[in-house]
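coords_33.txt (compact mmCIF, C-alpha atoms) appears below.
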```
# COMPACT_ATOMS: atom_id res chain seq x y z
CA MET A 5 18.25 15.76 6.71
CA SER A 6 16.16 15.23 3.60
CA THR A 7 15.86 11.60 2.53
CA ASP A 8 14.21 10.62 -0.74
CA CYS A 9 12.61 7.21 -1.32
CA ASP A 10 10.05 5.61 -3.58
CA VAL A 11 7.75 4.28 -0.84
CA ALA A 12 7.66 5.36 2.80
CA ILE A 13 5.68 3.05 5.10
CA VAL A 14 4.62 4.54 8.42
CA GLY A 15 3.99 1.83 11.00
CA ALA A 16 5.87 -1.44 11.58
CA GLY A 17 2.95 -3.58 12.68
CA PRO A 18 2.14 -6.74 10.70
CA ALA A 19 0.53 -4.79 7.82
CA GLY A 20 3.42 -2.37 7.40
CA LEU A 21 6.05 -5.08 7.70
CA CYS A 22 4.26 -7.37 5.25
CA LEU A 23 3.93 -4.55 2.72
CA ALA A 24 7.64 -3.77 3.01
CA ARG A 25 8.41 -7.44 2.40
CA ALA A 26 5.97 -7.61 -0.52
CA LEU A 27 7.62 -4.63 -2.25
CA ASP A 28 11.16 -5.86 -1.67
CA GLY A 29 12.80 -7.03 -4.89
CA LEU A 30 10.92 -4.62 -7.18
CA GLY A 31 13.89 -2.28 -7.44
CA LEU A 32 12.34 0.33 -5.19
CA LYS A 33 13.90 2.30 -2.38
CA ILE A 34 11.66 1.55 0.59
CA MET A 35 11.72 3.30 3.93
CA LEU A 36 10.02 2.00 7.07
CA LEU A 37 9.27 4.51 9.84
CA GLU A 38 8.18 3.41 13.31
CA ALA A 39 7.99 5.08 16.72
CA ALA A 40 9.00 1.87 18.54
CA ASP A 41 12.66 0.92 18.77
CA ARG A 42 14.37 -2.09 17.23
CA ASP A 43 14.36 -4.14 20.44
CA ARG A 44 10.59 -3.84 20.85
CA LEU A 45 10.02 -4.79 17.22
CA ALA A 46 12.30 -7.82 17.49
CA ARG A 47 10.70 -8.95 20.76
CA PRO A 48 7.11 -7.68 20.77
CA PRO A 49 5.27 -8.18 24.06
CA GLU A 50 2.53 -10.76 24.39
CA ASP A 51 -0.80 -8.93 23.94
CA GLY A 52 -3.36 -11.70 24.44
CA ARG A 53 -4.82 -11.54 20.95
CA GLU A 54 -5.21 -14.71 18.91
CA ILE A 55 -5.57 -14.15 15.17
CA ALA A 56 -7.81 -16.35 13.01
CA LEU A 57 -6.06 -16.77 9.66
CA THR A 58 -7.86 -17.79 6.49
CA HIS A 59 -6.30 -19.96 3.80
CA ALA A 60 -5.66 -16.84 1.67
CA SER A 61 -3.86 -15.14 4.55
CA ARG A 62 -1.68 -18.16 5.23
CA SER A 63 -0.81 -18.37 1.53
CA LEU A 64 0.28 -14.71 1.50
CA LEU A 65 2.29 -15.08 4.71
CA GLU A 66 4.07 -18.10 3.22
CA LYS A 67 4.83 -16.17 0.03
CA LEU A 68 6.31 -13.33 2.06
CA GLY A 69 8.43 -15.67 4.18
CA VAL A 70 6.56 -14.76 7.37
CA TRP A 71 4.74 -18.02 8.07
CA GLN A 72 8.01 -19.93 8.16
CA HIS A 73 9.21 -17.84 11.14
CA ILE A 74 6.17 -18.58 13.33
CA ASP A 75 6.79 -21.28 15.93
CA ARG A 76 4.73 -24.26 14.71
CA ALA A 77 3.89 -25.18 18.29
CA GLU A 78 2.12 -21.80 18.54
CA ILE A 79 -0.10 -22.38 15.48
CA SER A 80 -3.40 -24.07 16.26
CA ASP A 81 -5.69 -25.72 13.72
CA LEU A 82 -9.19 -24.29 13.41
CA LEU A 83 -11.41 -27.12 12.19
CA ASP A 84 -14.99 -25.89 12.66
CA ALA A 85 -16.93 -23.03 14.24
CA GLU A 86 -20.17 -22.94 16.23
CA ILE A 87 -22.35 -19.90 16.97
CA TYR A 88 -24.97 -19.98 19.72
CA ASP A 89 -27.76 -17.54 20.54
CA GLY A 90 -28.65 -17.04 24.19
CA ASP A 91 -29.31 -20.33 25.95
CA SER A 92 -29.99 -22.23 22.74
CA LEU A 93 -28.34 -25.64 22.49
CA GLU A 94 -28.61 -25.69 18.69
CA PRO A 95 -25.75 -23.75 17.07
CA LEU A 96 -25.08 -22.52 13.60
CA ARG A 97 -22.19 -24.81 12.73
CA ILE A 98 -19.73 -23.75 10.04
CA SER A 99 -17.93 -26.93 9.10
CA ARG A 100 -14.65 -27.43 7.28
CA HIS A 101 -16.58 -29.83 5.06
CA ASP A 102 -18.84 -26.94 4.01
CA GLY A 103 -15.69 -25.20 2.80
CA GLY A 104 -14.35 -28.24 0.97
CA SER A 105 -11.15 -28.33 3.00
CA GLU A 106 -9.53 -30.17 5.89
CA GLN A 107 -9.94 -27.13 8.13
CA LEU A 108 -11.40 -23.64 8.19
CA GLY A 109 -8.14 -21.92 9.09
CA TRP A 110 -5.49 -21.47 11.75
CA LEU A 111 -5.03 -19.52 14.98
CA ALA A 112 -1.77 -17.78 15.85
CA ALA A 113 -0.87 -15.25 18.54
CA ASN A 114 -0.70 -11.68 17.25
CA TYR A 115 2.67 -11.03 18.87
CA GLN A 116 4.10 -14.16 17.22
CA ILE A 117 2.97 -12.90 13.81
CA ARG A 118 4.52 -9.49 14.54
CA LYS A 119 7.79 -11.12 15.55
CA ALA A 120 7.82 -13.35 12.44
CA ALA A 121 7.08 -10.40 10.14
CA TRP A 122 9.98 -8.47 11.65
CA GLN A 123 12.32 -11.43 11.12
CA ALA A 124 11.24 -11.65 7.48
CA VAL A 125 11.91 -7.95 6.88
CA SER A 126 14.88 -7.05 9.06
CA GLY A 127 17.46 -8.62 6.78
CA GLN A 128 16.23 -7.10 3.51
CA SER A 129 18.79 -4.77 1.92
CA ASP A 130 16.27 -2.65 -0.02
CA ILE A 131 14.49 -1.54 3.14
CA GLU A 132 15.87 1.39 5.12
CA MET A 133 14.51 2.00 8.61
CA ILE A 134 14.00 5.01 10.83
CA LEU A 135 13.05 3.62 14.23
CA GLY A 136 12.29 5.20 17.57
CA ARG A 137 10.98 8.44 16.06
CA ARG A 138 7.42 9.61 15.47
CA VAL A 139 6.05 11.07 12.26
CA GLU A 140 4.36 14.31 13.32
CA GLY A 141 2.86 15.51 10.04
CA THR A 142 2.61 15.12 6.28
CA SER A 143 1.81 17.22 3.24
CA PRO A 144 2.13 16.94 -0.56
CA LYS A 145 4.90 18.97 -2.18
CA ASP A 146 5.64 19.09 -5.90
CA ASN A 147 5.96 15.47 -7.08
CA ALA A 148 6.31 13.95 -3.63
CA ARG A 149 4.80 13.76 -0.17
CA ILE A 150 6.74 15.08 2.79
CA LEU A 151 6.83 13.38 6.19
CA ARG A 152 7.85 15.56 9.13
CA LEU A 153 9.62 13.68 11.92
CA GLU A 154 9.97 14.71 15.53
CA GLY A 155 13.17 16.68 15.85
CA GLY A 156 12.58 18.59 12.63
CA ASP A 157 13.88 16.17 9.99
CA GLU A 158 11.90 15.40 6.83
CA VAL A 159 11.51 12.42 4.53
CA SER A 160 10.36 12.86 0.93
CA ALA A 161 8.60 9.95 -0.78
CA ARG A 162 6.84 9.42 -4.08
CA LEU A 163 4.22 7.38 -2.21
CA VAL A 164 3.43 7.22 1.51
CA VAL A 165 1.56 4.31 3.08
CA ALA A 166 -0.08 4.68 6.49
CA ALA A 167 -0.11 1.41 8.43
CA ASP A 168 -0.33 2.86 11.94
CA SER A 169 -3.47 1.31 13.51
CA ARG A 170 -7.20 2.00 13.37
CA PHE A 171 -6.62 5.25 15.29
CA SER A 172 -4.11 6.32 12.64
CA ASN A 173 -2.37 9.64 13.24
CA MET A 174 -1.22 9.61 9.62
CA ARG A 175 -4.80 9.31 8.39
CA ARG A 176 -5.77 12.35 10.41
CA ALA A 177 -2.65 14.30 9.38
CA ALA A 178 -3.48 13.63 5.71
CA GLY A 179 -6.97 15.08 6.20
CA ILE A 180 -8.89 11.81 5.81
CA GLY A 181 -11.92 11.68 8.07
CA ALA A 182 -13.33 8.48 9.55
CA ARG A 183 -16.60 7.34 11.05
CA MET A 184 -16.04 5.67 14.39
CA ARG A 185 -18.55 3.59 16.29
CA ASP A 186 -17.87 3.07 19.96
CA TYR A 187 -19.82 -0.03 20.95
CA GLY A 188 -19.71 0.96 24.61
CA ARG A 189 -18.11 -2.32 25.59
CA SER A 190 -14.66 -3.73 26.13
CA MET A 191 -13.14 -7.07 25.22
CA LEU A 192 -11.09 -9.07 27.71
CA VAL A 193 -8.80 -11.74 26.28
CA ALA A 194 -6.93 -14.35 28.29
CA ARG A 195 -5.38 -17.74 27.73
CA VAL A 196 -6.90 -20.41 29.93
CA GLU A 197 -6.44 -24.08 30.62
CA ILE A 198 -9.65 -26.11 30.26
CA GLU A 199 -10.73 -29.57 31.40
CA ALA A 200 -12.91 -30.66 28.47
CA ASP A 201 -11.40 -31.09 25.00
CA HIS A 202 -12.36 -28.30 22.58
CA GLY A 203 -11.85 -30.51 19.50
CA HIS A 204 -10.25 -27.51 17.72
CA VAL A 205 -13.72 -25.98 17.29
CA ALA A 206 -14.17 -22.24 17.85
CA ARG A 207 -17.34 -21.41 19.74
CA GLU A 208 -19.16 -18.12 20.24
CA TRP A 209 -22.14 -17.44 22.47
CA PHE A 210 -24.29 -14.33 22.05
CA ALA A 211 -25.63 -14.38 25.58
CA TYR A 212 -27.90 -11.65 26.90
CA GLY A 213 -25.76 -8.77 28.10
CA ARG A 214 -22.48 -10.32 27.01
CA THR A 215 -20.69 -12.10 24.18
CA LEU A 216 -18.37 -15.02 24.86
CA ALA A 217 -15.97 -16.82 22.57
CA LEU A 218 -13.58 -19.69 23.11
CA LEU A 219 -10.79 -20.09 20.57
CA PRO A 220 -9.05 -23.49 20.51
CA LEU A 221 -5.30 -23.58 21.08
CA ASN A 222 -3.02 -26.60 21.12
CA GLY A 223 -3.52 -29.03 23.98
CA ARG A 224 -6.09 -28.31 26.67
CA ARG A 225 -5.62 -24.58 26.19
CA ALA A 226 -7.92 -21.94 24.77
CA SER A 227 -8.30 -18.20 24.44
CA ALA A 228 -11.28 -16.82 26.35
CA VAL A 229 -12.71 -13.73 24.67
CA ILE A 230 -15.25 -11.94 26.86
CA THR A 231 -17.13 -8.81 25.76
CA LEU A 232 -19.01 -6.93 28.47
CA PRO A 233 -19.86 -3.35 29.40
CA THR A 234 -16.55 -1.67 30.18
CA ALA A 235 -17.04 -1.43 33.95
CA GLN A 236 -17.75 -5.17 34.19
CA THR A 237 -14.76 -6.02 32.03
CA ARG A 238 -12.43 -3.98 34.22
CA ARG A 239 -13.79 -5.64 37.37
CA LEU A 240 -13.15 -9.07 35.86
CA ALA A 241 -9.62 -8.06 34.87
CA ALA A 242 -8.85 -6.92 38.43
CA LEU A 243 -9.73 -10.24 40.10
CA ASP A 244 -6.94 -12.48 41.33
CA ALA A 245 -6.22 -15.58 39.24
CA GLU A 246 -8.29 -17.96 41.37
CA GLN A 247 -11.32 -15.68 41.49
CA PHE A 248 -11.02 -15.01 37.76
CA GLY A 249 -10.96 -18.73 36.97
CA ALA A 250 -14.06 -19.35 39.06
CA GLU A 251 -16.02 -16.47 37.52
CA VAL A 252 -15.03 -17.35 33.96
CA THR A 253 -15.96 -20.99 34.50
CA ALA A 254 -19.39 -19.78 35.63
CA LEU A 255 -19.70 -17.34 32.71
CA TYR A 256 -19.08 -20.19 30.28
CA GLU A 257 -21.58 -22.32 32.26
CA ASN A 258 -18.99 -25.05 32.83
CA ARG A 259 -19.23 -26.08 29.17
CA HIS A 260 -15.51 -26.92 29.09
CA GLY A 261 -15.11 -27.74 32.75
CA ARG A 262 -12.95 -25.75 35.12
CA MET A 263 -11.04 -22.90 33.48
CA ARG A 264 -7.72 -21.76 34.91
CA LEU A 265 -5.86 -18.57 33.99
CA ILE A 266 -2.41 -19.30 32.49
CA ALA A 267 -1.35 -15.91 31.03
CA ASP A 268 -1.83 -12.19 31.53
CA ARG A 269 -5.22 -10.66 30.85
CA HIS A 270 -5.65 -7.82 28.35
CA VAL A 271 -8.57 -5.44 27.83
CA TYR A 272 -9.37 -3.62 24.59
CA PRO A 273 -12.11 -1.06 23.80
CA MET A 274 -14.61 -2.06 21.11
CA VAL A 275 -14.45 0.63 18.43
CA GLY A 276 -15.21 0.18 14.74
CA VAL A 277 -13.60 2.56 12.22
CA TRP A 278 -14.57 3.25 8.61
CA PRO A 279 -12.43 5.95 6.88
CA ASP A 280 -14.12 8.20 4.33
CA ARG A 281 -11.59 6.99 1.77
CA VAL A 282 -8.37 4.99 1.73
CA VAL A 283 -6.34 7.18 -0.64
CA VAL A 284 -5.45 10.85 -0.95
CA ASP A 285 -2.73 12.62 -2.92
CA ARG A 286 0.29 10.23 -2.88
CA LEU A 287 -0.92 8.43 0.25
CA ALA A 288 -2.71 5.13 0.86
CA LEU A 289 -4.07 3.43 3.98
CA VAL A 290 -3.54 -0.28 4.68
CA GLY A 291 -4.29 -2.63 7.55
CA ASP A 292 -6.38 -1.33 10.44
CA ALA A 293 -5.79 2.23 9.23
CA ALA A 294 -7.95 1.34 6.20
CA VAL A 295 -10.73 -0.38 8.14
CA GLY A 296 -11.10 -1.13 11.85
CA MET A 297 -13.37 -4.14 12.20
CA HIS A 298 -15.29 -5.37 15.24
CA PRO A 299 -13.62 -8.70 16.12
CA VAL A 300 -16.89 -10.68 16.08
CA THR A 301 -16.25 -12.11 12.58
CA ALA A 302 -12.46 -12.39 13.04
CA HIS A 303 -11.85 -10.81 9.64
CA GLY A 304 -9.92 -7.68 10.62
CA PHE A 305 -6.40 -9.08 10.25
CA ASN A 306 -7.31 -10.91 7.04
CA LEU A 307 -8.72 -7.72 5.53
CA GLY A 308 -5.51 -5.94 6.52
CA LEU A 309 -3.42 -8.52 4.70
CA ASN A 310 -5.70 -8.27 1.69
CA SER A 311 -5.09 -4.52 1.50
CA VAL A 312 -1.35 -5.22 1.52
CA ARG A 313 -1.74 -7.76 -1.27
CA VAL A 314 -3.83 -5.42 -3.41
CA LEU A 315 -1.54 -2.39 -3.03
CA ALA A 316 1.59 -4.44 -3.74
CA ASP A 317 -0.12 -5.89 -6.81
CA GLU A 318 -1.15 -2.44 -8.12
CA ILE A 319 2.40 -1.12 -7.64
CA SER A 320 3.93 -4.17 -9.32
CA ARG A 321 1.58 -3.87 -12.31
CA SER A 322 2.39 -0.16 -12.65
CA LEU A 323 6.12 -0.86 -12.72
CA GLU A 324 5.66 -3.63 -15.29
CA ARG A 325 3.92 -1.12 -17.57
CA GLY A 326 6.83 1.29 -17.26
CA ASN A 327 4.99 3.65 -14.91
CA GLU A 328 5.92 4.83 -11.41
CA VAL A 329 4.72 3.82 -7.95
CA ASP A 330 2.70 7.04 -7.70
CA ALA A 331 0.87 6.67 -11.02
CA PRO A 332 -2.81 7.69 -10.61
CA ALA A 333 -3.94 4.19 -11.59
CA VAL A 334 -2.13 2.72 -8.58
CA LEU A 335 -4.22 4.58 -6.01
CA SER A 336 -7.50 4.43 -7.92
CA GLY A 337 -7.12 0.70 -8.51
CA PHE A 338 -6.16 0.11 -4.89
CA GLN A 339 -9.14 2.02 -3.55
CA ARG A 340 -11.60 0.25 -5.83
CA ARG A 341 -10.31 -3.26 -5.21
CA SER A 342 -9.66 -3.00 -1.48
CA ARG A 343 -13.03 -1.43 -0.73
CA ALA A 344 -14.81 -4.00 -2.90
CA THR A 345 -13.68 -6.56 -0.33
CA SER A 346 -13.89 -4.56 2.88
CA LEU A 347 -17.22 -2.74 2.47
CA PRO A 348 -19.49 -5.79 2.30
CA LEU A 349 -17.76 -7.40 5.27
CA PHE A 350 -17.81 -4.17 7.28
CA VAL A 351 -21.54 -3.71 6.63
CA ALA A 352 -22.30 -7.35 7.39
CA THR A 353 -20.26 -7.24 10.60
CA SER A 354 -21.93 -4.03 11.78
CA THR A 355 -25.32 -5.59 11.12
CA VAL A 356 -24.45 -8.73 13.06
CA VAL A 357 -23.09 -6.72 15.99
CA GLY A 358 -26.14 -4.47 16.04
CA LEU A 359 -28.50 -7.42 16.01
CA TYR A 360 -26.67 -9.45 18.63
CA THR A 361 -26.08 -6.64 21.09
CA ASP A 362 -29.71 -5.42 21.01
CA GLU A 363 -31.39 -6.90 24.07
CA ARG A 364 -34.93 -5.82 23.17
CA ALA A 365 -37.45 -8.64 22.71
CA PRO A 366 -38.00 -8.09 18.94
CA ALA A 367 -34.25 -8.28 18.26
CA ARG A 368 -33.95 -11.46 20.33
CA LEU A 369 -36.71 -13.05 18.29
CA VAL A 370 -35.19 -12.00 14.98
CA ARG A 371 -31.70 -13.25 15.75
CA SER A 372 -32.98 -16.54 17.11
CA THR A 373 -35.05 -17.04 13.96
CA VAL A 374 -32.17 -16.04 11.67
CA LEU A 375 -29.74 -18.39 13.40
CA ARG A 376 -32.13 -21.34 13.21
CA ALA A 377 -32.84 -20.69 9.54
CA ALA A 378 -29.15 -20.24 8.67
CA SER A 379 -28.22 -23.49 10.39
CA ARG A 380 -30.60 -25.33 8.04
CA LEU A 381 -29.44 -23.64 4.84
CA ALA A 382 -26.48 -25.56 3.44
CA PRO A 383 -25.74 -22.95 0.70
CA PHE A 384 -25.43 -20.23 3.36
CA ARG A 385 -23.06 -22.33 5.47
CA ARG A 386 -21.00 -23.25 2.41
CA ALA A 387 -20.73 -19.59 1.40
CA ILE A 388 -19.33 -18.61 4.81
CA ALA A 389 -16.98 -21.57 4.98
CA GLY A 390 -15.89 -20.96 1.40
CA GLN A 391 -14.84 -17.43 2.28
CA LEU A 392 -12.52 -18.82 4.96
CA THR A 393 -11.06 -21.62 2.85
CA GLY A 394 -10.91 -19.69 -0.41
CA ARG A 395 -13.26 -22.09 -2.16
CA GLY A 396 -16.49 -20.14 -2.17
CA SER A 397 -18.17 -16.83 -2.88
CA LEU A 398 -19.86 -14.20 -0.76
CA PRO A 399 -23.47 -14.84 0.32
CA ALA A 400 -25.83 -13.59 -2.42
CA PRO A 401 -27.09 -10.42 -0.64
CA VAL A 402 -23.54 -9.34 0.20
CA GLU A 403 -22.31 -10.11 -3.32
CA ALA A 404 -25.22 -8.10 -4.75
CA LEU A 405 -24.17 -5.11 -2.61
CA ARG A 406 -20.58 -5.47 -3.76
CA ARG A 407 -21.60 -5.55 -7.42
CA ARG A 408 -23.84 -2.51 -7.10
CA VAL A 409 -21.15 -0.40 -5.46
CA PHE A 410 -18.05 -1.70 -7.24
CA GLU A 411 -18.85 -2.32 -10.89
CA PRO A 412 -15.78 -2.87 -13.08
CA GLY A 413 -14.15 0.39 -14.05
CA ARG A 414 -16.22 2.47 -11.66
CA ALA A 415 -14.40 4.63 -9.12
CA ALA A 416 -15.65 4.27 -5.57
CA ASP A 417 -15.23 6.32 -2.45
```

Exercise: express the given structure as structure tokens:
Amino acid sequence: MSTDCDVAIVGAGPAGLCLARALDGLGLKIMLLEAADRDRLARPPEDGREIALTHASRSLLEKLGVWQHIDRAEISDLLDAEIYDGDSLEPLRISRHDGGSEQLGWLAANYQIRKAAWQAVSGQSDIEMILGRRVEGTSPKDNARILRLEGGDEVSARLVVAADSRFSNMRRAAGIGARMRDYGRSMLVARVEIEADHGHVAREWFAYGRTLALLPLNGRRASAVITLPTAQTRRLAALDAEQFGAEVTALYENRHGRMRLIADRHVYPMVGVWPDRVVVDRLALVGDAAVGMHPVTAHGFNLGLNSVRVLADEISRSLERGNEVDAPAVLSGFQRRSRATSLPLFVATSTVVGLYTDERAPARLVRSTVLRAASRLAPFRRAIAGQLTGRGSLPAPVEALRRRVFEPGRAAD
């Protein structure tokens, strides 16, 4: 079998599905390839992850018809955020008022977003699907890129998009290297019932030897996010529900009263990924394949959606000019624009993680000083809040970095 299409998307996670939906209606033949079968895509398993969505991400999901499929009872308002250092009682508070909006964003379960994205895509006539089969390799050939499927079949596409996770097999098969940082820790996520009202405020504590976060869900529920050395995380995950509740209540120092486990626990390794580039001959990376963020700033999913938006926009502009989906300007424009957004945030996140996981005395002093200073600087708080609400700009040092690396018209790797 040799199947020709304009765009072949490998990976039916939220990024791949949203890109397929974004390209639908442009007169293109789109093919979606995914190793999972239709039943698993239609009913994705609960994975414990709660996604913090910015105003820009919600707007895009609404435009794509994804937001409308998410159960409203499963969407929680995120009003404010507080960041604590060690045992300090004075947090850096990022307020919705700093962002000039009624709230900073929203929280939704990852599996609910996946399910909604599938519902938005599954009925589209322009999208053909090959499900339950792995893509084993890829190579350019003439005016196309070939995808080799298990079983020996091939798919030929003018443009291939890899949307198959931060550990992307497609990225490796296309010869794109990536720098990976293993933080030597694992993240445990679990939904819990709490006694004290969270007020729809997200809280994060950079305690010594561990990082704790509590994400507000509807009612007296929250998502506990606990980052510890891997051995300690696994021990915590193996406790029975009663023991787990007692230990987690103690870890959070009873700040929200007794905490009771109400859903399965999930453990994920902490690995950051920065590919050497996000494009190669007739292939582009989107979503986590393009940048794998540490979850500390909760920007990974939003960056993934931004890469979808940018690539769809570059393709649409190329078609409007009478060019093809694989025009050189499509990939060069996508790389420049997507990296202009992701690089500053990746660098800033890596810096924050490095500072707040360094337990040496000088680092403790620096981060305590930085947090106290930041909490008193209204422009800094407004810049962060504005990034979440879409009504602000990057902090000056980060914006300066972005301008130096991504000047208009300058190609960037």

Nearest-residue call for A:Arg152, choices A:Arg137, A:Val165, A:Ala194, A:Arg262, using all atoms listed in the file: A:Arg137

With a distance cut-off of 10 Å and all atoms listed in the file, select the neighbouring residues of stretch 250-258 of chain A, excluding the residue or stretch itself and same-chain residues fewer than 5 positions from it, and output the selection as a list of chain:residue names. A:Val196, A:Ile198, A:Glu199, A:Ala200, A:Trp209, A:Ala211, A:Arg214, A:Leu216, A:Ala217, A:Leu218, A:Ala228, A:Ile230, A:Leu240, A:Leu243, A:Ala245, A:Met263, A:Arg264, A:Leu265

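Summary of the local environment: counting all atoms listed in the file, residues at most 8 Å from A:Pro18, other than itself and those fewer than 2 positions away along its chain, are Ala16, Gly20, Leu21, Cys22, Ile117, Arg118 and Ala121 of chain A.
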
A:Val282 surroundings by all atoms listed in the file, 6 Å radius, close-in-sequence under 2 positions cut, as a PDB file with C-alpha atoms, in the coordinates of the input:
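The resulting file, selection.pdb, is reproduced below:
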```pdb
ATOM      1  CA  ALA A 288      -2.710   5.130   0.860  1.00  0.00           C
ATOM      2  CA  LEU A 289      -4.070   3.430   3.980  1.00  0.00           C
ATOM      3  CA  ALA A 294      -7.950   1.340   6.200  1.00  0.00           C
TER       4      ALA A 294
END
```

List every protein, DNA or RNA residue that has an atom no more than 12 Å from (-1.9, -9.0, -0.5) in the file's coordinate frame, counting all atoms listed in the file, and report them as a VMD selection string. chain A and resid 19 to 20 22 to 27 60 to 68 290 to 291 305 to 320 338 341 to 342

8 Å contact set for stretch 167-184 of chain A, only C-alpha atoms, chain neighbours under 2 positions out, as a ChimeraX atom specification: /A:13-17,19-20,139,141-143,165,186,275-282,284,287,289-296

Quote the spacing between atom CA of A:Asp201 and atom CA of A:Ser105 in Å to one decimal place.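 Rounded to one decimal, the two atoms are 22.2 Å apart.
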
Which of A:Gln123, A:Asn222, A:Thr237, A:Ser227 sits closest to A:Arg207 [using only C-alpha atoms]: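 Checking each of A:Gln123, A:Asn222, A:Thr237, A:Ser227 against A:Arg207, counting only C-alpha atoms, the winner is A:Ser227.
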
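Here atom CA of A:Val329 is placed at a distance of 7.1 Å from atom CA of A:Arg162.
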
Give me, please, the distance in Å between atom CA of A:Gly127 and atom CA of A:Val334, quoted to one decimal.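 Answer for the atom CA of A:Gly127 to atom CA of A:Val334 separation: 27.4 Å.
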
Nearest residue to A:Ala206 from the set A:Ala39, A:Leu96, A:Leu82, A:Val164 (distances using all atoms listed in the file):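 Nearest candidate to A:Ala206 out of A:Ala39, A:Leu96, A:Leu82, A:Val164: A:Leu82.
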
So that I can check the surroundings of A:Glu78, please list as a VMD selection string every protein, DNA and RNA residue that reaches within 12 Å of it, counting all atoms listed in the file and ignoring chain neighbours fewer than 2 positions away. chain A and resid 54 to 55 71 73 to 76 80 to 81 110 to 117 120 220 to 223 225 to 226
